[in-house]
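Below: the structure, in structure tokens.
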Amino acid sequence: MIEVSENFKFAALNGTTHNEISIIVFGYNADGSNLYIRNKNLVSESMKIEQAISDDSDLKFGGCIASSFEIEVVGVPDLTGRYITVQITQTAKIPTYPSATTYPGANVYPNGAEYKETFNIFSGEVFSCKSGKNQLSRTLVAYDRFYWRGSINCTEWYATQHNKSADYYYTTINDLRKAICSHYDIVEQYPDDILPIDDMEIEKADGKVTVAELLRSLCEMSGVFCMLNGSGNIEYHTL
């Protein structure tokens, strides 16, 4: 979820806003630095972002649905397989006058104040970056880490998770969730959060399972949804 400060909300509602979109391609350049794709390389109104906490017609706790990002770019190389973060920087300008209140965080200039905040709206790996018919533009399609890591078969790893002996398995919901995130490099946005029935002991079930299926089951038992936010970190949400 994107958190917007109250000061910026006030500025955005009472002034004019300008949006600057940046796609950061991590470690793309020869020296390991990042490649930045700006507004001038983006085809206007071509951006699409899809997110969901449930893919069933009947609302069901759990989540772990992969988010997708699509945009048409110009003058950009093939970025297939690259990890990206998409940011939007919003600048709000509001007029000032002698009796006006200037909130903290503003850059004040003659007759006005300027507020600027940057938000991560998507992080994930580029699935495809195909050239269009005109050979000038490319359609970039990316999915978050639930698409890639969530589909990993973790049956063998799951079978080794026990804290007594190989003959008897038990652990708590919290312990298993932490172990999954740690092993598969999924960062929890708020690692200190305690979810409902986190301390409940559970027994291992047999059968094949993927990372997303295992996480979804744990979240379903806790009555929460989980999703990856714009920074690529996992968050848990209740209704």
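The way I read the labels, and the way they are meant: chains A, B, ... in the order of the structure tokens, residue 1 as the first residue of every chain, and ligand 1 as the first ligand shown, with later ones counted on from there.
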
Neighbours of Pro104 of chain A within 12 Å (only C-alpha atoms; same-chain residues fewer than 4 positions away dropped), as a list in words?
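Neighbouring residues, sequence-local ones excluded: Ser5, Glu6, Asn7, Phe8, Phe10, Ala11, Val108, Ala113, Glu114, Tyr115 and Lys116 of chain A.
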
Go ahead and write the residues just picked, N, CA, C and O atoms, as a compact mmCIF listing (two decimals), in the first residue's frame.
```txt
# COMPACT_ATOMS: atom_id res chain seq x y z
N SER A 5 1.62 11.23 2.96
CA SER A 5 1.58 12.08 4.15
C SER A 5 0.40 13.04 4.08
O SER A 5 -0.07 13.42 3.00
N GLU A 6 -0.10 13.44 5.25
CA GLU A 6 -1.22 14.38 5.31
C GLU A 6 -0.85 15.72 4.70
O GLU A 6 -1.67 16.38 4.06
N ASN A 7 0.40 16.15 4.89
CA ASN A 7 0.84 17.42 4.31
C ASN A 7 0.75 17.39 2.79
O ASN A 7 0.31 18.35 2.15
N PHE A 8 1.18 16.27 2.20
CA PHE A 8 1.14 16.19 0.75
C PHE A 8 -0.30 16.09 0.25
O PHE A 8 -0.63 16.65 -0.80
N PHE A 10 -2.85 17.51 1.55
CA PHE A 10 -3.37 18.88 1.61
C PHE A 10 -2.87 19.68 0.41
O PHE A 10 -3.63 20.39 -0.25
N ALA A 11 -1.57 19.55 0.12
CA ALA A 11 -0.99 20.31 -0.99
C ALA A 11 -1.59 19.88 -2.32
O ALA A 11 -1.90 20.71 -3.18
N VAL A 108 9.68 26.73 -0.05
CA VAL A 108 8.96 27.98 -0.25
C VAL A 108 9.72 28.87 -1.21
O VAL A 108 10.94 29.02 -1.11
N ALA A 113 4.53 27.61 -2.62
CA ALA A 113 5.23 26.56 -1.89
C ALA A 113 5.15 25.29 -2.71
O ALA A 113 4.16 25.05 -3.41
N GLU A 114 6.17 24.48 -2.62
CA GLU A 114 6.25 23.27 -3.44
C GLU A 114 6.48 22.05 -2.54
O GLU A 114 7.37 22.04 -1.70
N TYR A 115 5.64 21.04 -2.76
CA TYR A 115 5.76 19.78 -2.03
C TYR A 115 6.09 18.68 -3.04
O TYR A 115 5.50 18.62 -4.11
N LYS A 116 7.02 17.81 -2.66
CA LYS A 116 7.42 16.75 -3.58
C LYS A 116 7.56 15.43 -2.82
O LYS A 116 8.20 15.38 -1.77
```

Hey, what's within 8 Å of His237 of chain A if we count only C-alpha atoms and toss same-chain stuff fewer than 6 positions away? As a VMD selection string, please? chain A and resid 224 to 226

Using backbone DSSP assignments, extract all helix (DSSP H, G or I) residues from segment 13-236 of chain A; output them as a VMD selection string.
-> chain A and resid 13 to 14 39 to 41 145 to 148 155 to 159 173 to 183 211 to 222

Export N, CA and C atoms of the chosen residues as a compact mmCIF listing (two decimals), in the first residue's frame?
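Output file again.txt follows:
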```txt
# COMPACT_ATOMS: atom_id res chain seq x y z
N LEU A 13 -4.52 18.60 -2.91
CA LEU A 13 -5.91 18.99 -3.03
C LEU A 13 -6.08 20.50 -3.24
N ASN A 14 -5.08 21.26 -2.79
CA ASN A 14 -5.21 22.71 -2.84
C ASN A 14 -4.32 23.38 -3.88
N ASN A 39 10.12 10.15 -18.31
CA ASN A 39 8.89 10.47 -19.04
C ASN A 39 9.09 10.54 -20.56
N LYS A 40 10.21 11.09 -20.99
CA LYS A 40 10.43 11.29 -22.42
C LYS A 40 10.50 9.97 -23.19
N ASN A 41 10.76 8.85 -22.49
CA ASN A 41 10.84 7.54 -23.14
C ASN A 41 9.55 6.74 -23.01
N ARG A 145 7.52 -10.51 -7.73
CA ARG A 145 8.23 -11.73 -7.34
C ARG A 145 7.31 -12.92 -7.05
N PHE A 146 6.02 -12.67 -6.81
CA PHE A 146 5.11 -13.79 -6.61
C PHE A 146 4.97 -14.62 -7.89
N TYR A 147 5.16 -13.99 -9.04
CA TYR A 147 5.07 -14.71 -10.31
C TYR A 147 6.24 -15.68 -10.45
N TRP A 148 7.43 -15.23 -10.03
CA TRP A 148 8.63 -16.06 -10.19
C TRP A 148 8.88 -16.94 -8.98
N THR A 155 8.30 -28.31 -2.02
CA THR A 155 7.93 -29.53 -1.31
C THR A 155 9.11 -30.12 -0.54
N GLU A 156 10.27 -30.20 -1.19
CA GLU A 156 11.44 -30.81 -0.55
C GLU A 156 11.92 -29.97 0.64
N TRP A 157 11.96 -28.65 0.44
CA TRP A 157 12.36 -27.78 1.55
C TRP A 157 11.36 -27.87 2.69
N TYR A 158 10.07 -27.86 2.37
CA TYR A 158 9.01 -27.92 3.36
C TYR A 158 9.12 -29.17 4.22
N ALA A 159 9.51 -30.27 3.60
CA ALA A 159 9.61 -31.55 4.32
C ALA A 159 10.70 -31.53 5.38
N ILE A 173 2.51 -21.08 13.04
CA ILE A 173 2.24 -20.38 11.79
C ILE A 173 3.30 -19.30 11.56
N ASN A 174 3.61 -18.55 12.62
CA ASN A 174 4.58 -17.47 12.50
C ASN A 174 5.97 -18.00 12.12
N ASP A 175 6.41 -19.09 12.78
CA ASP A 175 7.74 -19.64 12.51
C ASP A 175 7.86 -20.10 11.06
N LEU A 176 6.83 -20.77 10.57
CA LEU A 176 6.89 -21.28 9.21
C LEU A 176 6.85 -20.14 8.20
N ARG A 177 6.02 -19.13 8.45
CA ARG A 177 5.95 -17.99 7.53
C ARG A 177 7.29 -17.26 7.47
N LYS A 178 7.93 -17.06 8.62
CA LYS A 178 9.23 -16.41 8.66
C LYS A 178 10.27 -17.24 7.93
N ALA A 179 10.20 -18.56 8.08
CA ALA A 179 11.17 -19.45 7.43
C ALA A 179 11.03 -19.40 5.92
N ILE A 180 9.79 -19.36 5.43
CA ILE A 180 9.56 -19.28 3.98
C ILE A 180 10.16 -17.99 3.43
N CYS A 181 9.83 -16.88 4.07
CA CYS A 181 10.30 -15.58 3.57
C CYS A 181 11.83 -15.51 3.59
N SER A 182 12.43 -16.03 4.64
CA SER A 182 13.88 -15.99 4.74
C SER A 182 14.54 -16.86 3.68
N HIS A 183 14.04 -18.07 3.50
CA HIS A 183 14.66 -19.02 2.56
C HIS A 183 14.52 -18.57 1.11
N VAL A 211 5.66 -22.17 -3.19
CA VAL A 211 5.86 -21.11 -2.20
C VAL A 211 4.57 -20.31 -2.01
N ALA A 212 3.94 -19.91 -3.11
CA ALA A 212 2.72 -19.11 -3.03
C ALA A 212 1.59 -19.90 -2.36
N GLU A 213 1.46 -21.18 -2.68
CA GLU A 213 0.40 -21.99 -2.08
C GLU A 213 0.59 -22.11 -0.57
N LEU A 214 1.84 -22.28 -0.14
CA LEU A 214 2.12 -22.41 1.28
C LEU A 214 1.85 -21.10 2.02
N LEU A 215 2.32 -19.99 1.46
CA LEU A 215 2.05 -18.69 2.07
C LEU A 215 0.55 -18.39 2.10
N ARG A 216 -0.12 -18.71 0.98
CA ARG A 216 -1.56 -18.44 0.90
C ARG A 216 -2.32 -19.23 1.98
N SER A 217 -1.93 -20.46 2.21
CA SER A 217 -2.60 -21.29 3.21
C SER A 217 -2.40 -20.72 4.62
N LEU A 218 -1.18 -20.28 4.92
CA LEU A 218 -0.90 -19.71 6.23
C LEU A 218 -1.70 -18.43 6.45
N CYS A 219 -1.76 -17.58 5.42
CA CYS A 219 -2.51 -16.33 5.54
C CYS A 219 -4.01 -16.59 5.63
N GLU A 220 -4.46 -17.60 4.91
CA GLU A 220 -5.89 -17.95 4.97
C GLU A 220 -6.27 -18.38 6.38
N MET A 221 -5.40 -19.16 7.03
CA MET A 221 -5.68 -19.59 8.41
C MET A 221 -5.72 -18.40 9.36
N SER A 222 -4.90 -17.39 9.08
CA SER A 222 -4.85 -16.20 9.93
C SER A 222 -5.94 -15.19 9.59
```

Would you mind reading off the distance between atom CA of Ala106 of chain A and atom CA of Ala92 of chain A, one decimal, in Å?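 Result for atom CA of Ala106 of chain A versus atom CA of Ala92 of chain A: 9.6 Å, one decimal.
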
Handout entry: Lys208 of chain A surroundings by only C-alpha atoms, 8 Å radius, close-in-sequence under 2 positions cut, as a list of chain:residue names
Key =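 Close residues of Lys208 of chain A: A:Asn153, A:Cys154, A:Thr155, A:Asp206, A:Thr210.
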
So that I have them on file, write out the residues from the current selection with C-alpha atoms, as a PDB file, in the first residue's frame.
```
ATOM      1  CA  ASN A 153       8.073 -26.050  -5.868  1.00  0.00           C
ATOM      2  CA  CYS A 154       9.106 -26.006  -2.204  1.00  0.00           C
ATOM      3  CA  THR A 155       7.934 -29.532  -1.308  1.00  0.00           C
ATOM      4  CA  ASP A 206       1.922 -34.307   2.717  1.00  0.00           C
ATOM      5  CA  THR A 210       4.619 -24.146  -4.125  1.00  0.00           C
TER       6      THR A 210
END
```

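Interatomic distance, atom CA of Ile65 of chain A against atom CA of Val187 of chain A: 16.1 Å.
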